[in-house]
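Content type mmCIF, C-alpha atoms and all ligand atoms, from the file entry-v7.cif:
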```
data_query
#
loop_
_atom_site.group_PDB
_atom_site.id
_atom_site.type_symbol
_atom_site.label_atom_id
_atom_site.label_comp_id
_atom_site.auth_asym_id
_atom_site.auth_seq_id
_atom_site.Cartn_x
_atom_site.Cartn_y
_atom_site.Cartn_z
ATOM 1 C CA MET A 1 -2.255 -29.412 -3.951
ATOM 2 C CA ALA A 2 -3.313 -27.794 -0.708
ATOM 3 C CA LYS A 3 -2.108 -29.294 2.550
ATOM 4 C CA SER A 4 -5.449 -29.244 4.303
ATOM 5 C CA TYR A 5 -9.035 -30.225 3.670
ATOM 6 C CA HIS A 6 -10.265 -27.064 5.395
ATOM 7 C CA LEU A 7 -9.081 -23.516 4.732
ATOM 8 C CA LEU A 8 -8.503 -22.239 8.252
ATOM 9 C CA SER A 9 -5.392 -20.120 7.729
ATOM 10 C CA VAL A 10 -3.181 -19.108 4.826
ATOM 11 C CA ASP A 11 -0.731 -21.774 6.001
ATOM 12 C CA ASP A 12 -3.225 -24.373 4.747
ATOM 13 C CA LEU A 13 -2.416 -23.112 1.258
ATOM 14 C CA GLY A 14 1.258 -22.221 1.556
ATOM 15 C CA HIS A 15 3.152 -20.246 -1.079
ATOM 16 C CA SER A 16 2.078 -22.258 -4.116
ATOM 17 C CA GLY A 17 -1.507 -22.636 -2.903
ATOM 18 C CA ILE A 18 -1.869 -18.890 -2.332
ATOM 19 C CA LEU A 19 -0.553 -18.191 -5.832
ATOM 20 C CA GLY A 20 -2.884 -20.856 -7.214
ATOM 21 C CA VAL A 21 -5.908 -19.129 -5.661
ATOM 22 C CA LEU A 22 -4.794 -15.721 -6.974
ATOM 23 C CA ASP A 23 -4.051 -17.031 -10.477
ATOM 24 C CA ARG A 24 -7.434 -18.706 -10.701
ATOM 25 C CA ALA A 25 -9.183 -15.566 -9.402
ATOM 26 C CA GLU A 26 -7.500 -13.626 -12.196
ATOM 27 C CA GLU A 27 -8.706 -16.134 -14.800
ATOM 28 C CA LEU A 28 -12.238 -15.861 -13.439
ATOM 29 C CA ARG A 29 -12.119 -12.047 -13.480
ATOM 30 C CA LEU A 30 -11.066 -12.003 -17.109
ATOM 31 C CA GLN A 31 -13.632 -14.407 -18.488
ATOM 32 C CA PRO A 32 -17.174 -13.416 -19.518
ATOM 33 C CA PRO A 33 -19.723 -13.919 -16.683
ATOM 34 C CA GLN A 34 -21.636 -16.484 -18.759
ATOM 35 C CA ASP A 35 -18.509 -18.662 -18.903
ATOM 36 C CA MET A 36 -18.108 -19.049 -15.152
ATOM 37 C CA PRO A 37 -17.452 -22.688 -14.246
ATOM 38 C CA PHE A 38 -20.322 -24.759 -12.878
ATOM 39 C CA LEU A 39 -19.736 -25.993 -9.351
ATOM 40 C CA GLY A 40 -23.372 -26.592 -8.422
ATOM 41 C CA LYS A 41 -22.778 -27.115 -4.696
ATOM 42 C CA VAL A 42 -24.591 -26.029 -1.554
ATOM 43 C CA LEU A 43 -22.702 -23.717 0.785
ATOM 44 C CA GLY A 44 -23.674 -23.170 4.402
ATOM 45 C CA LEU A 45 -22.858 -19.666 5.613
ATOM 46 C CA LEU A 46 -22.625 -19.841 9.394
ATOM 47 C CA ILE A 47 -21.956 -16.242 10.286
ATOM 48 C CA PHE A 48 -22.227 -15.573 14.009
ATOM 49 C CA GLN A 49 -20.671 -12.112 14.047
ATOM 50 C CA PRO A 50 -21.605 -9.028 12.021
ATOM 51 C CA SER A 51 -20.596 -9.395 8.375
ATOM 52 C CA THR A 52 -21.526 -7.832 5.072
ATOM 53 C CA ARG A 53 -18.762 -8.650 2.580
ATOM 54 C CA THR A 54 -17.869 -12.151 3.742
ATOM 55 C CA ARG A 55 -21.503 -13.218 4.054
ATOM 56 C CA VAL A 56 -22.875 -11.596 0.900
ATOM 57 C CA GLY A 57 -19.649 -12.071 -1.077
ATOM 58 C CA PHE A 58 -19.496 -15.836 -0.541
ATOM 59 C CA HIS A 59 -23.236 -16.110 -1.154
ATOM 60 C CA ALA A 60 -22.914 -14.254 -4.462
ATOM 61 C CA ALA A 61 -19.830 -16.272 -5.426
ATOM 62 C CA MET A 62 -21.644 -19.555 -4.820
ATOM 63 C CA VAL A 63 -24.625 -18.426 -6.912
ATOM 64 C CA ARG A 64 -22.285 -17.352 -9.728
ATOM 65 C CA LEU A 65 -20.771 -20.831 -9.653
ATOM 66 C CA GLY A 66 -24.200 -22.356 -10.219
ATOM 67 C CA GLY A 67 -24.764 -23.348 -6.620
ATOM 68 C CA ALA A 68 -26.808 -22.171 -3.686
ATOM 69 C CA ALA A 69 -26.047 -20.782 -0.259
ATOM 70 C CA ILE A 70 -27.932 -21.073 3.008
ATOM 71 C CA GLU A 71 -27.295 -18.303 5.526
ATOM 72 C CA VAL A 72 -27.489 -19.083 9.222
ATOM 73 C CA THR A 73 -26.882 -15.959 11.256
ATOM 74 C CA GLU A 74 -28.794 -16.515 14.485
ATOM 75 C CA THR A 75 -26.337 -16.075 17.313
ATOM 76 C CA LYS A 76 -25.707 -19.149 19.369
ATOM 77 C CA LEU A 77 -24.684 -19.261 22.998
ATOM 78 C CA GLN A 78 -25.926 -15.792 23.742
ATOM 79 C CA GLN A 79 -27.203 -15.030 27.164
ATOM 80 C CA GLY A 80 -30.960 -15.179 27.272
ATOM 81 C CA MET A 81 -31.295 -17.532 24.306
ATOM 82 C CA GLY A 82 -34.224 -19.771 25.015
ATOM 83 C CA ARG A 83 -32.689 -22.675 23.131
ATOM 84 C CA ALA A 84 -28.957 -22.193 23.122
ATOM 85 C CA GLU A 85 -27.147 -24.908 21.192
ATOM 86 C CA SER A 86 -23.409 -25.422 21.034
ATOM 87 C CA LEU A 87 -21.707 -24.301 17.841
ATOM 88 C CA ALA A 88 -20.362 -27.837 17.415
ATOM 89 C CA ASP A 89 -23.871 -29.320 17.427
ATOM 90 C CA THR A 90 -25.035 -26.692 14.925
ATOM 91 C CA VAL A 91 -22.115 -27.443 12.607
ATOM 92 C CA ARG A 92 -22.551 -31.197 12.967
ATOM 93 C CA SER A 93 -26.211 -30.878 11.905
ATOM 94 C CA ILE A 94 -25.763 -28.398 9.066
ATOM 95 C CA SER A 95 -22.736 -30.166 7.627
ATOM 96 C CA SER A 96 -25.023 -33.037 6.659
ATOM 97 C CA TYR A 97 -27.093 -30.686 4.455
ATOM 98 C CA CYS A 98 -24.286 -28.864 2.635
ATOM 99 C CA ASP A 99 -21.103 -29.473 0.636
ATOM 100 C CA GLY A 100 -19.026 -26.865 2.441
ATOM 101 C CA LEU A 101 -19.259 -24.215 5.132
ATOM 102 C CA VAL A 102 -18.031 -20.691 5.714
ATOM 103 C CA LEU A 103 -17.828 -20.141 9.457
ATOM 104 C CA ARG A 104 -17.362 -16.901 11.394
ATOM 105 C CA HIS A 105 -17.349 -16.920 15.181
ATOM 106 C CA SER A 106 -15.799 -14.801 17.909
ATOM 107 C CA LEU A 107 -14.843 -17.610 20.302
ATOM 108 C CA LEU A 108 -11.775 -19.611 19.305
ATOM 109 C CA ASP A 109 -12.514 -22.645 21.486
ATOM 110 C CA GLU A 110 -16.030 -22.902 20.072
ATOM 111 C CA PHE A 111 -14.685 -22.424 16.559
ATOM 112 C CA ARG A 112 -12.094 -25.194 16.925
ATOM 113 C CA ALA A 113 -14.581 -27.620 18.497
ATOM 114 C CA ALA A 114 -16.954 -27.034 15.586
ATOM 115 C CA ILE A 115 -14.261 -27.671 12.954
ATOM 116 C CA ALA A 116 -13.436 -30.968 14.639
ATOM 117 C CA VAL A 117 -16.957 -32.337 14.074
ATOM 118 C CA SER A 118 -17.554 -31.047 10.550
ATOM 119 C CA ASP A 119 -17.880 -33.769 7.920
ATOM 120 C CA ILE A 120 -17.340 -31.262 5.124
ATOM 121 C CA PRO A 121 -14.705 -28.633 4.263
ATOM 122 C CA VAL A 122 -14.829 -25.432 6.299
ATOM 123 C CA ILE A 123 -13.587 -22.052 5.097
ATOM 124 C CA ASN A 124 -12.651 -19.727 7.924
ATOM 125 C CA GLY A 125 -14.680 -16.545 7.487
ATOM 126 C CA GLY A 126 -13.144 -14.978 10.596
ATOM 127 C CA SER A 127 -12.205 -16.633 13.893
ATOM 128 C CA GLY A 128 -11.882 -14.478 17.000
ATOM 129 C CA TRP A 129 -9.024 -12.005 16.726
ATOM 130 C CA GLU A 130 -6.797 -14.657 15.179
ATOM 131 C CA GLN A 131 -7.532 -15.487 11.543
ATOM 132 C CA HIS A 132 -9.293 -14.127 8.464
ATOM 133 C CA PRO A 133 -7.498 -15.973 5.664
ATOM 134 C CA THR A 134 -9.870 -15.205 2.813
ATOM 135 C CA GLN A 135 -9.522 -11.487 3.548
ATOM 136 C CA ALA A 136 -5.748 -11.910 3.341
ATOM 137 C CA LEU A 137 -6.148 -13.578 -0.069
ATOM 138 C CA ILE A 138 -8.327 -10.668 -1.232
ATOM 139 C CA ASP A 139 -5.678 -8.238 0.044
ATOM 140 C CA LEU A 140 -2.877 -10.058 -1.780
ATOM 141 C CA TYR A 141 -4.959 -10.157 -4.937
ATOM 142 C CA ALA A 142 -5.463 -6.378 -4.773
ATOM 143 C CA ILE A 143 -1.734 -5.816 -4.203
ATOM 144 C CA ARG A 144 -0.715 -8.061 -7.089
ATOM 145 C CA ARG A 145 -3.301 -6.481 -9.416
ATOM 146 C CA HIS A 146 -1.773 -3.068 -8.695
ATOM 147 C CA PHE A 147 1.947 -3.871 -8.684
ATOM 148 C CA ALA A 148 1.992 -7.099 -10.776
ATOM 149 C CA ARG A 149 4.074 -8.681 -7.986
ATOM 150 C CA LEU A 150 3.938 -9.430 -4.288
ATOM 151 C CA GLU A 151 7.640 -9.469 -3.454
ATOM 152 C CA GLY A 152 9.908 -6.576 -2.588
ATOM 153 C CA LEU A 153 7.230 -4.015 -1.665
ATOM 154 C CA ARG A 154 7.272 -1.469 1.156
ATOM 155 C CA ILE A 155 4.151 -2.289 3.125
ATOM 156 C CA GLY A 156 2.691 -0.370 6.062
ATOM 157 C CA ILE A 157 -0.056 -1.831 8.228
ATOM 158 C CA VAL A 158 -1.774 0.471 10.693
ATOM 159 C CA GLY A 159 -4.409 0.056 13.380
ATOM 160 C CA ASP A 160 -5.166 -2.318 16.215
ATOM 161 C CA LEU A 161 -2.653 -4.948 15.130
ATOM 162 C CA GLU A 162 -3.212 -6.939 18.289
ATOM 163 C CA GLY A 163 -6.947 -7.339 17.748
ATOM 164 C CA SER A 164 -7.374 -7.191 13.963
ATOM 165 C CA ARG A 165 -7.656 -10.685 12.502
ATOM 166 C CA ALA A 166 -7.479 -9.194 9.003
ATOM 167 C CA ALA A 167 -4.123 -7.575 9.795
ATOM 168 C CA ARG A 168 -2.835 -10.721 11.474
ATOM 169 C CA SER A 169 -3.730 -12.937 8.516
ATOM 170 C CA LEU A 170 -2.262 -10.468 6.046
ATOM 171 C CA ILE A 171 1.022 -10.299 7.975
ATOM 172 C CA GLN A 172 1.101 -14.114 8.079
ATOM 173 C CA ALA A 173 0.481 -14.256 4.316
ATOM 174 C CA LEU A 174 3.126 -11.609 3.551
ATOM 175 C CA GLY A 175 5.670 -13.868 5.235
ATOM 176 C CA TYR A 176 5.578 -15.964 2.035
ATOM 177 C CA PHE A 177 6.497 -13.009 -0.180
ATOM 178 C CA THR A 178 9.436 -11.179 1.467
ATOM 179 C CA PRO A 179 8.388 -7.517 1.529
ATOM 180 C CA ARG A 180 11.260 -5.039 1.237
ATOM 181 C CA GLU A 181 9.883 -3.250 4.303
ATOM 182 C CA LEU A 182 7.121 -4.068 6.775
ATOM 183 C CA ARG A 183 6.099 -1.034 8.860
ATOM 184 C CA LEU A 184 3.740 -1.961 11.693
ATOM 185 C CA MET A 185 1.998 1.089 13.176
ATOM 186 C CA SER A 186 -0.367 0.923 16.128
ATOM 187 C CA PRO A 187 -1.292 2.784 19.320
ATOM 188 C CA GLU A 188 0.494 1.771 22.502
ATOM 189 C CA GLY A 189 -0.835 -1.533 23.799
ATOM 190 C CA ARG A 190 -2.366 -2.496 20.407
ATOM 191 C CA GLY A 191 0.786 -3.693 18.674
ATOM 192 C CA PHE A 192 1.237 -6.878 16.689
ATOM 193 C CA PRO A 193 2.579 -9.680 18.922
ATOM 194 C CA LEU A 194 6.171 -9.777 17.686
ATOM 195 C CA ALA A 195 6.568 -13.431 18.705
ATOM 196 C CA LEU A 196 4.259 -14.217 15.745
ATOM 197 C CA LEU A 197 6.544 -12.496 13.248
ATOM 198 C CA GLY A 198 8.145 -15.454 11.553
ATOM 199 C CA GLY A 199 9.348 -15.900 8.005
ATOM 200 C CA PHE A 200 10.529 -12.345 7.357
ATOM 201 C CA GLY A 201 14.219 -12.912 6.685
ATOM 202 C CA GLY A 202 15.406 -10.184 4.312
ATOM 203 C CA THR A 203 12.610 -7.772 5.274
ATOM 204 C CA ILE A 204 13.241 -4.512 7.137
ATOM 205 C CA ILE A 205 10.755 -4.540 10.026
ATOM 206 C CA GLU A 206 9.780 -1.280 11.725
ATOM 207 C CA VAL A 207 7.441 -1.043 14.711
ATOM 208 C CA LEU A 208 6.012 2.439 15.310
ATOM 209 C CA GLN A 209 3.456 4.034 17.590
ATOM 210 C CA GLU A 210 2.562 6.639 14.989
ATOM 211 C CA LEU A 211 1.269 6.817 11.436
ATOM 212 C CA THR A 212 4.144 7.511 9.035
ATOM 213 C CA VAL A 213 3.225 6.978 5.404
ATOM 214 C CA GLU A 214 6.268 8.346 3.561
ATOM 215 C CA GLY A 215 7.869 5.941 1.089
ATOM 216 C CA LEU A 216 5.271 3.179 1.296
ATOM 217 C CA ASP A 217 3.982 1.219 -1.692
ATOM 218 C CA VAL A 218 1.012 -0.214 0.200
ATOM 219 C CA LEU A 219 -0.761 1.321 3.186
ATOM 220 C CA TYR A 220 -3.176 -1.134 4.807
ATOM 221 C CA MET A 221 -5.613 0.613 7.139
ATOM 222 C CA ALA A 222 -6.717 -2.155 9.501
ATOM 223 C CA GLY A 223 -8.692 0.259 11.687
ATOM 224 C CA LEU A 224 -9.215 0.636 15.405
ATOM 225 C CA PRO A 225 -11.870 -1.156 17.447
ATOM 226 C CA GLU A 226 -15.188 0.604 17.337
ATOM 227 C CA GLY A 227 -16.029 -0.385 20.912
ATOM 228 C CA LEU A 228 -17.876 1.578 23.501
ATOM 229 C CA GLY A 229 -16.848 2.933 26.864
ATOM 230 C CA GLU A 230 -13.367 1.918 27.946
ATOM 231 C CA ALA A 231 -12.871 -0.377 24.946
ATOM 232 C CA ARG A 232 -13.017 2.612 22.598
ATOM 233 C CA LEU A 233 -9.772 4.485 22.133
ATOM 234 C CA GLU A 234 -9.896 8.211 22.791
ATOM 235 C CA GLU A 235 -10.556 10.468 19.830
ATOM 236 C CA THR A 236 -7.094 12.024 20.180
ATOM 237 C CA VAL A 237 -5.552 8.571 19.629
ATOM 238 C CA ARG A 238 -7.941 7.716 16.799
ATOM 239 C CA GLU A 239 -7.081 10.983 15.074
ATOM 240 C CA ARG A 240 -3.332 10.245 15.190
ATOM 241 C CA PHE A 241 -3.896 7.000 13.275
ATOM 242 C CA ARG A 242 -6.503 8.279 10.821
ATOM 243 C CA LEU A 243 -5.661 8.601 7.128
ATOM 244 C CA THR A 244 -6.677 12.149 6.349
ATOM 245 C CA ARG A 245 -6.442 13.504 2.831
ATOM 246 C CA ARG A 246 -3.469 15.617 3.879
ATOM 247 C CA ARG A 247 -1.611 12.556 5.170
ATOM 248 C CA ALA A 248 -2.651 10.436 2.160
ATOM 249 C CA GLU A 249 -1.114 13.004 -0.178
ATOM 250 C CA ARG A 250 2.291 12.270 1.377
ATOM 251 C CA LEU A 251 2.213 8.748 -0.060
ATOM 252 C CA PRO A 252 4.003 8.176 -3.372
ATOM 253 C CA PRO A 253 1.560 8.786 -6.274
ATOM 254 C CA GLU A 254 1.697 5.141 -7.356
ATOM 255 C CA ALA A 255 0.953 3.838 -3.832
ATOM 256 C CA LEU A 256 -2.097 1.753 -2.952
ATOM 257 C CA VAL A 257 -4.313 2.272 0.100
ATOM 258 C CA LEU A 258 -6.255 -0.803 1.194
ATOM 259 C CA ASN A 259 -8.846 -1.427 3.905
ATOM 260 C CA PRO A 260 -10.671 -4.682 4.644
ATOM 261 C CA LEU A 261 -13.910 -2.727 5.251
ATOM 262 C CA PRO A 262 -16.116 -1.941 6.994
ATOM 263 C CA ARG A 263 -14.534 1.483 7.368
ATOM 264 C CA ILE A 264 -15.287 3.065 10.711
ATOM 265 C CA ASP A 265 -13.320 6.312 10.967
ATOM 266 C CA GLU A 266 -9.803 5.242 9.988
ATOM 267 C CA ILE A 267 -9.946 6.775 6.476
ATOM 268 C CA GLU A 268 -11.472 10.167 5.795
ATOM 269 C CA PRO A 269 -14.076 9.984 2.997
ATOM 270 C CA GLU A 270 -12.098 12.704 1.141
ATOM 271 C CA VAL A 271 -9.368 10.093 0.522
ATOM 272 C CA ASP A 272 -11.827 8.086 -1.637
ATOM 273 C CA GLU A 273 -11.378 10.569 -4.494
ATOM 274 C CA LEU A 274 -7.615 9.969 -4.736
ATOM 275 C CA SER A 275 -6.240 7.527 -7.310
ATOM 276 C CA ILE A 276 -4.358 5.692 -4.539
ATOM 277 C CA ALA A 277 -7.640 4.655 -2.826
ATOM 278 C CA GLY A 278 -7.954 0.976 -3.708
ATOM 279 C CA TYR A 279 -10.316 -0.323 -1.046
ATOM 280 C CA PHE A 280 -13.589 -0.398 -2.982
ATOM 281 C CA GLN A 281 -11.971 -2.121 -5.943
ATOM 282 C CA GLN A 282 -10.350 -4.515 -3.436
ATOM 283 C CA SER A 283 -13.814 -5.335 -2.079
ATOM 284 C CA LYS A 284 -15.383 -5.608 -5.553
ATOM 285 C CA GLU A 285 -12.757 -7.982 -6.914
ATOM 286 C CA GLY A 286 -12.931 -10.061 -3.748
ATOM 287 C CA LEU A 287 -15.786 -11.830 -5.506
ATOM 288 C CA PHE A 288 -13.350 -13.554 -7.884
ATOM 289 C CA VAL A 289 -11.097 -14.561 -5.008
ATOM 290 C CA ARG A 290 -14.088 -16.069 -3.207
ATOM 291 C CA CYS A 291 -15.107 -17.957 -6.380
ATOM 292 C CA SER A 292 -11.548 -19.268 -6.652
ATOM 293 C CA VAL A 293 -11.525 -20.330 -2.991
ATOM 294 C CA LEU A 294 -14.889 -22.109 -3.332
ATOM 295 C CA GLU A 295 -13.764 -23.920 -6.443
ATOM 296 C CA ARG A 296 -10.610 -25.046 -4.712
ATOM 297 C CA VAL A 297 -12.110 -26.087 -1.390
ATOM 298 C CA LEU A 298 -15.421 -27.497 -2.627
ATOM 299 C CA GLY A 299 -14.313 -28.614 -6.065
ATOM 300 C CA THR A 300 -12.143 -31.449 -7.111
ATOM 301 C CA SER A 301 -8.785 -29.946 -6.175
ATOM 302 C CA TYR A 302 -8.560 -31.978 -2.971
HETATM 303 N N1 LIG A 401 -13.719 -7.542 5.536
HETATM 304 C C1 LIG A 401 -14.749 -8.231 6.051
HETATM 305 O O1 LIG A 401 -14.586 -9.341 6.559
HETATM 306 O O2 LIG A 401 -15.962 -7.627 5.943
HETATM 307 P P1 LIG A 401 -17.264 -8.098 6.670
HETATM 308 O O3 LIG A 401 -17.011 -8.007 8.171
HETATM 309 O O4 LIG A 401 -18.339 -7.129 6.214
HETATM 310 O O5 LIG A 401 -17.565 -9.512 6.283
#
```
How does the structure come out when it is put into structure tokens?
Ligand code: CP
Amino acid sequence: MAKSYHLLSVDDLGHSGILGVLDRAEELRLQPPQDMPFLGKVLGLLIFQPSTRTRVGFHAAMVRLGGAAIEVTETKLQQGMGRAESLADTVRSISSYCDGLVLRHSLLDEFRAAIAVSDIPVINGGSGWEQHPTQALIDLYAIRRHFARLEGLRIGIVGDLEGSRAARSLIQALGYFTPRELRLMSPEGRGFPLALLGGFGGTIIEVLQELTVEGLDVLYMAGLPEGLGEARLEETVRERFRLTRRRAERLPPEALVLNPLPRIDEIEPEVDELSIAGYFQQSKEGLFVRCSVLERVLGTSY
């Protein structure tokens, strides 16, 4: 039984809840498409930042479960909007038309205020730089599919670990599964806030300002902010943290390279041809994780 009505972070599931979502996703992957369970609910997709996989993936998952999805992507609270409405008022209105919501928004205060007024379960589809729990579940699913376990692995996470909500949620989720090694690699000033590193007793933690792939089982390429002007890191820095084919070939042959996508420039396209490149399968099989999450949050599990 999950601890929370909403799914706002992986902590709302905990160790057994995370495994429950992954186990169910595996059942759904293995069964014929015509035998998918019937959920028959209406999902509101309130996506107020760019999104392809989360938006389309949850929409497709809801349709496969015999339901329907309504996408609302008009940006609220933008300067120049003729009829700006608070996110909370939007959520309050739409929650009376749907059975559940997926919400993505850049502003944490707005996000939290909207959750507080929702009458129906909300799945966090990405909140500010803080949380992206369903991406973390998709990442764990990909890791377990490859290694048949989550514990005891040597995991490297590289990129803007201060600003990547995908990386943050994955690190939070890995805290339940005691990696053998957690290697956090980021440019200066973009490191993971170490005060948030709880729950890693028994794990060797390394913090590096370079990309060092040797000996890793999993290399998670979280990417660097695309940004423009001063927000964009210099090309010399981006190059140091890019997975080139030459660098990828230094990974053990049974390693797994993951990326939440979209890919900007953090992985050279030449890496796609290598057997260690797992990111498109990760994205593809995310559908079953999203079906499992919808069933759990919108179904009768609560
Ligand atoms: N990984 C992920 O959240 O992708 P989108 O931004 O395309 O939804």
**Asked** Which residues form the shell of 12 Å around ligand LIG 401 (chain A) when you count all atoms listed in the file, given as a PyMOL selection string?
**Response** chain A and resi 45-59+102-106+124-129+131-139+164-167+169-170+221-223+258-264+279-280+282-284+286+290
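Using only C-alpha atoms for every distance, the candidate list A:Asp119, A:Glu26, A:Asp217, A:Glu130 yields A:Asp217 as the residue closest to Arg154 of chain A.
Rounded to one decimal, atom CA of Ala255 of chain A and atom CA of Glu151 of chain A lie 14.9 Å from each other.
Every residue that the PyMOL selection byres (((chain A and resi 114) around 9) and not hetatm) selects in this file is listed here: Ser86, Leu87, Ala88, Asp89, Thr90, Val91, Arg92, Asp109, Glu110, Phe111, Arg112, Ala113, Ile115, Ala116, Val117 and Ser118 of chain A.
Minimum atom-to-atom distances from A:His15, A:Arg238, A:His6, A:Arg29 to Glu285 of chain A were compared using only C-alpha atoms, and the lowest value belongs to A:Arg29.
In this model, the gap between atom CA of Leu22 of chain A and atom CA of Val289 of chain A comes to 6.7 Å.
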**Request:** Tell me which residues the PyMOL selection byres (((chain A and resi 18) around 12) and not hetatm) grabs here, as an MDAnalysis selection string.
**Result:** chainID A and resid 1:3 7 9:17 19:25 133:134 136:141 144 150 170 172:177 289 292:293 296
**Message:** Could you list, as a PyMOL selection string, every residue within 12 Å of Leu196 of chain A, counting all atoms listed in the file and ignoring same-chain residues fewer than 2 positions away?
**Reply:** chain A and resi 130+161-162+168-169+171-172+175+191-194+198-200
**Request:** Would you list the contacts of Gly156 of chain A as a VMD selection string, taking every protein, DNA or RNA residue within 6 Å and counting only C-alpha atoms, but skipping same-chain residues closer than 2 positions in sequence?
**Result:** chain A and resid 182 to 184 219
Show me, as an mmCIF file with C-alpha atoms, keeping the file's coordinate frame, the residues that have an atom within 9 Å of Gly100 of chain A when counting only C-alpha atoms, minus same-chain residues fewer than 2 positions from it.
```
data_model
loop_
_atom_site.group_PDB
_atom_site.id
_atom_site.type_symbol
_atom_site.label_atom_id
_atom_site.label_comp_id
_atom_site.auth_asym_id
_atom_site.auth_seq_id
_atom_site.Cartn_x
_atom_site.Cartn_y
_atom_site.Cartn_z
ATOM 1 C CA LYS A 41 -22.778 -27.115 -4.696
ATOM 2 C CA VAL A 42 -24.591 -26.029 -1.554
ATOM 3 C CA LEU A 43 -22.702 -23.717 0.785
ATOM 4 C CA GLY A 44 -23.674 -23.170 4.402
ATOM 5 C CA LEU A 45 -22.858 -19.666 5.613
ATOM 6 C CA SER A 95 -22.736 -30.166 7.627
ATOM 7 C CA CYS A 98 -24.286 -28.864 2.635
ATOM 8 C CA VAL A 102 -18.031 -20.691 5.714
ATOM 9 C CA ASP A 119 -17.880 -33.769 7.920
ATOM 10 C CA ILE A 120 -17.340 -31.262 5.124
ATOM 11 C CA PRO A 121 -14.705 -28.633 4.263
ATOM 12 C CA VAL A 122 -14.829 -25.432 6.299
ATOM 13 C CA ILE A 123 -13.587 -22.052 5.097
ATOM 14 C CA LEU A 294 -14.889 -22.109 -3.332
ATOM 15 C CA VAL A 297 -12.110 -26.087 -1.390
ATOM 16 C CA LEU A 298 -15.421 -27.497 -2.627
#
```
**Item:** For atom CA of Tyr220 of chain A and atom CA of Ala277 of chain A, the interatomic separation in Å (one decimal)
**Value:** 10.6 Å
**Message:** Here's the selection I'm unsure about, the PyMOL selection byres (((chain A and resi 187) around 9) and not hetatm); applied to the file above, which residues does it give, as number ranges by chain?
**Reply:** A: 158-161, 185-186, 188-191, 208-210, 237-238, 240-241
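Counting only C-alpha atoms and comparing A:Arg247, A:Leu256, A:Gly163, A:Ala68, the residue that lies closest to Glu226 of chain A is A:Gly163.
Using all atoms listed in the file, the nearest neighbour of Leu243 of chain A within the list A:Ser275, A:Thr212, A:Gln281, A:Gln34 is A:Thr212.
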Please define a box with edges along x, y and z of the file around all atoms of segment 97-105 of chain A given in the file, extend it by 5 Å on each side, and return its centre and edge lengths in Å to one decimal, as JSON.
```
{"center_x": -22.2, "center_y": -23.8, "center_z": 7.9, "size_x": 19.7, "size_y": 23.8, "size_z": 24.5}
```
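Counting only C-alpha atoms and comparing A:Pro32, A:Gly152, A:Gly215, A:Gly40, the residue that lies closest to Glu254 of chain A is A:Gly215.
Nearest to Ile205 of chain A of all the residues A:Ala60, A:Ile157, A:Leu108, A:Leu287 is A:Ile157, based on only C-alpha atoms.
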Would you fill out segment 92-103 of chain A with N, CA and C atoms and return it as a short mmCIF file (atom, residue, chain, number, x, y, z; two decimals), in the frame of the given file?
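Result file selection-v1.cif:
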```
data_model
loop_
_atom_site.label_atom_id
_atom_site.label_comp_id
_atom_site.auth_asym_id
_atom_site.auth_seq_id
_atom_site.Cartn_x
_atom_site.Cartn_y
_atom_site.Cartn_z
N ARG A 92 -22.36 -29.76 13.24
CA ARG A 92 -22.55 -31.20 12.97
C ARG A 92 -23.86 -31.42 12.19
N SER A 93 -24.92 -30.72 12.59
CA SER A 93 -26.21 -30.88 11.90
C SER A 93 -26.17 -30.30 10.50
N ILE A 94 -25.69 -29.07 10.37
CA ILE A 94 -25.76 -28.40 9.07
C ILE A 94 -24.79 -29.02 8.08
N SER A 95 -23.70 -29.59 8.57
CA SER A 95 -22.74 -30.17 7.63
C SER A 95 -23.31 -31.37 6.90
N SER A 96 -24.42 -31.93 7.40
CA SER A 96 -25.02 -33.04 6.66
C SER A 96 -25.98 -32.54 5.57
N TYR A 97 -26.21 -31.23 5.50
CA TYR A 97 -27.09 -30.69 4.46
C TYR A 97 -26.32 -29.99 3.34
N CYS A 98 -25.04 -29.74 3.55
CA CYS A 98 -24.29 -28.86 2.64
C CYS A 98 -23.03 -29.57 2.13
N ASP A 99 -22.37 -28.94 1.16
CA ASP A 99 -21.10 -29.47 0.64
C ASP A 99 -19.90 -28.77 1.25
N GLY A 100 -20.12 -27.61 1.81
CA GLY A 100 -19.03 -26.86 2.44
C GLY A 100 -19.62 -25.77 3.31
N LEU A 101 -18.80 -25.26 4.21
CA LEU A 101 -19.26 -24.22 5.13
C LEU A 101 -18.29 -23.04 5.11
N VAL A 102 -18.84 -21.85 5.31
CA VAL A 102 -18.03 -20.69 5.71
C VAL A 102 -18.46 -20.38 7.14
N LEU A 103 -17.51 -20.31 8.03
CA LEU A 103 -17.83 -20.14 9.46
C LEU A 103 -17.14 -18.90 10.00
#
```
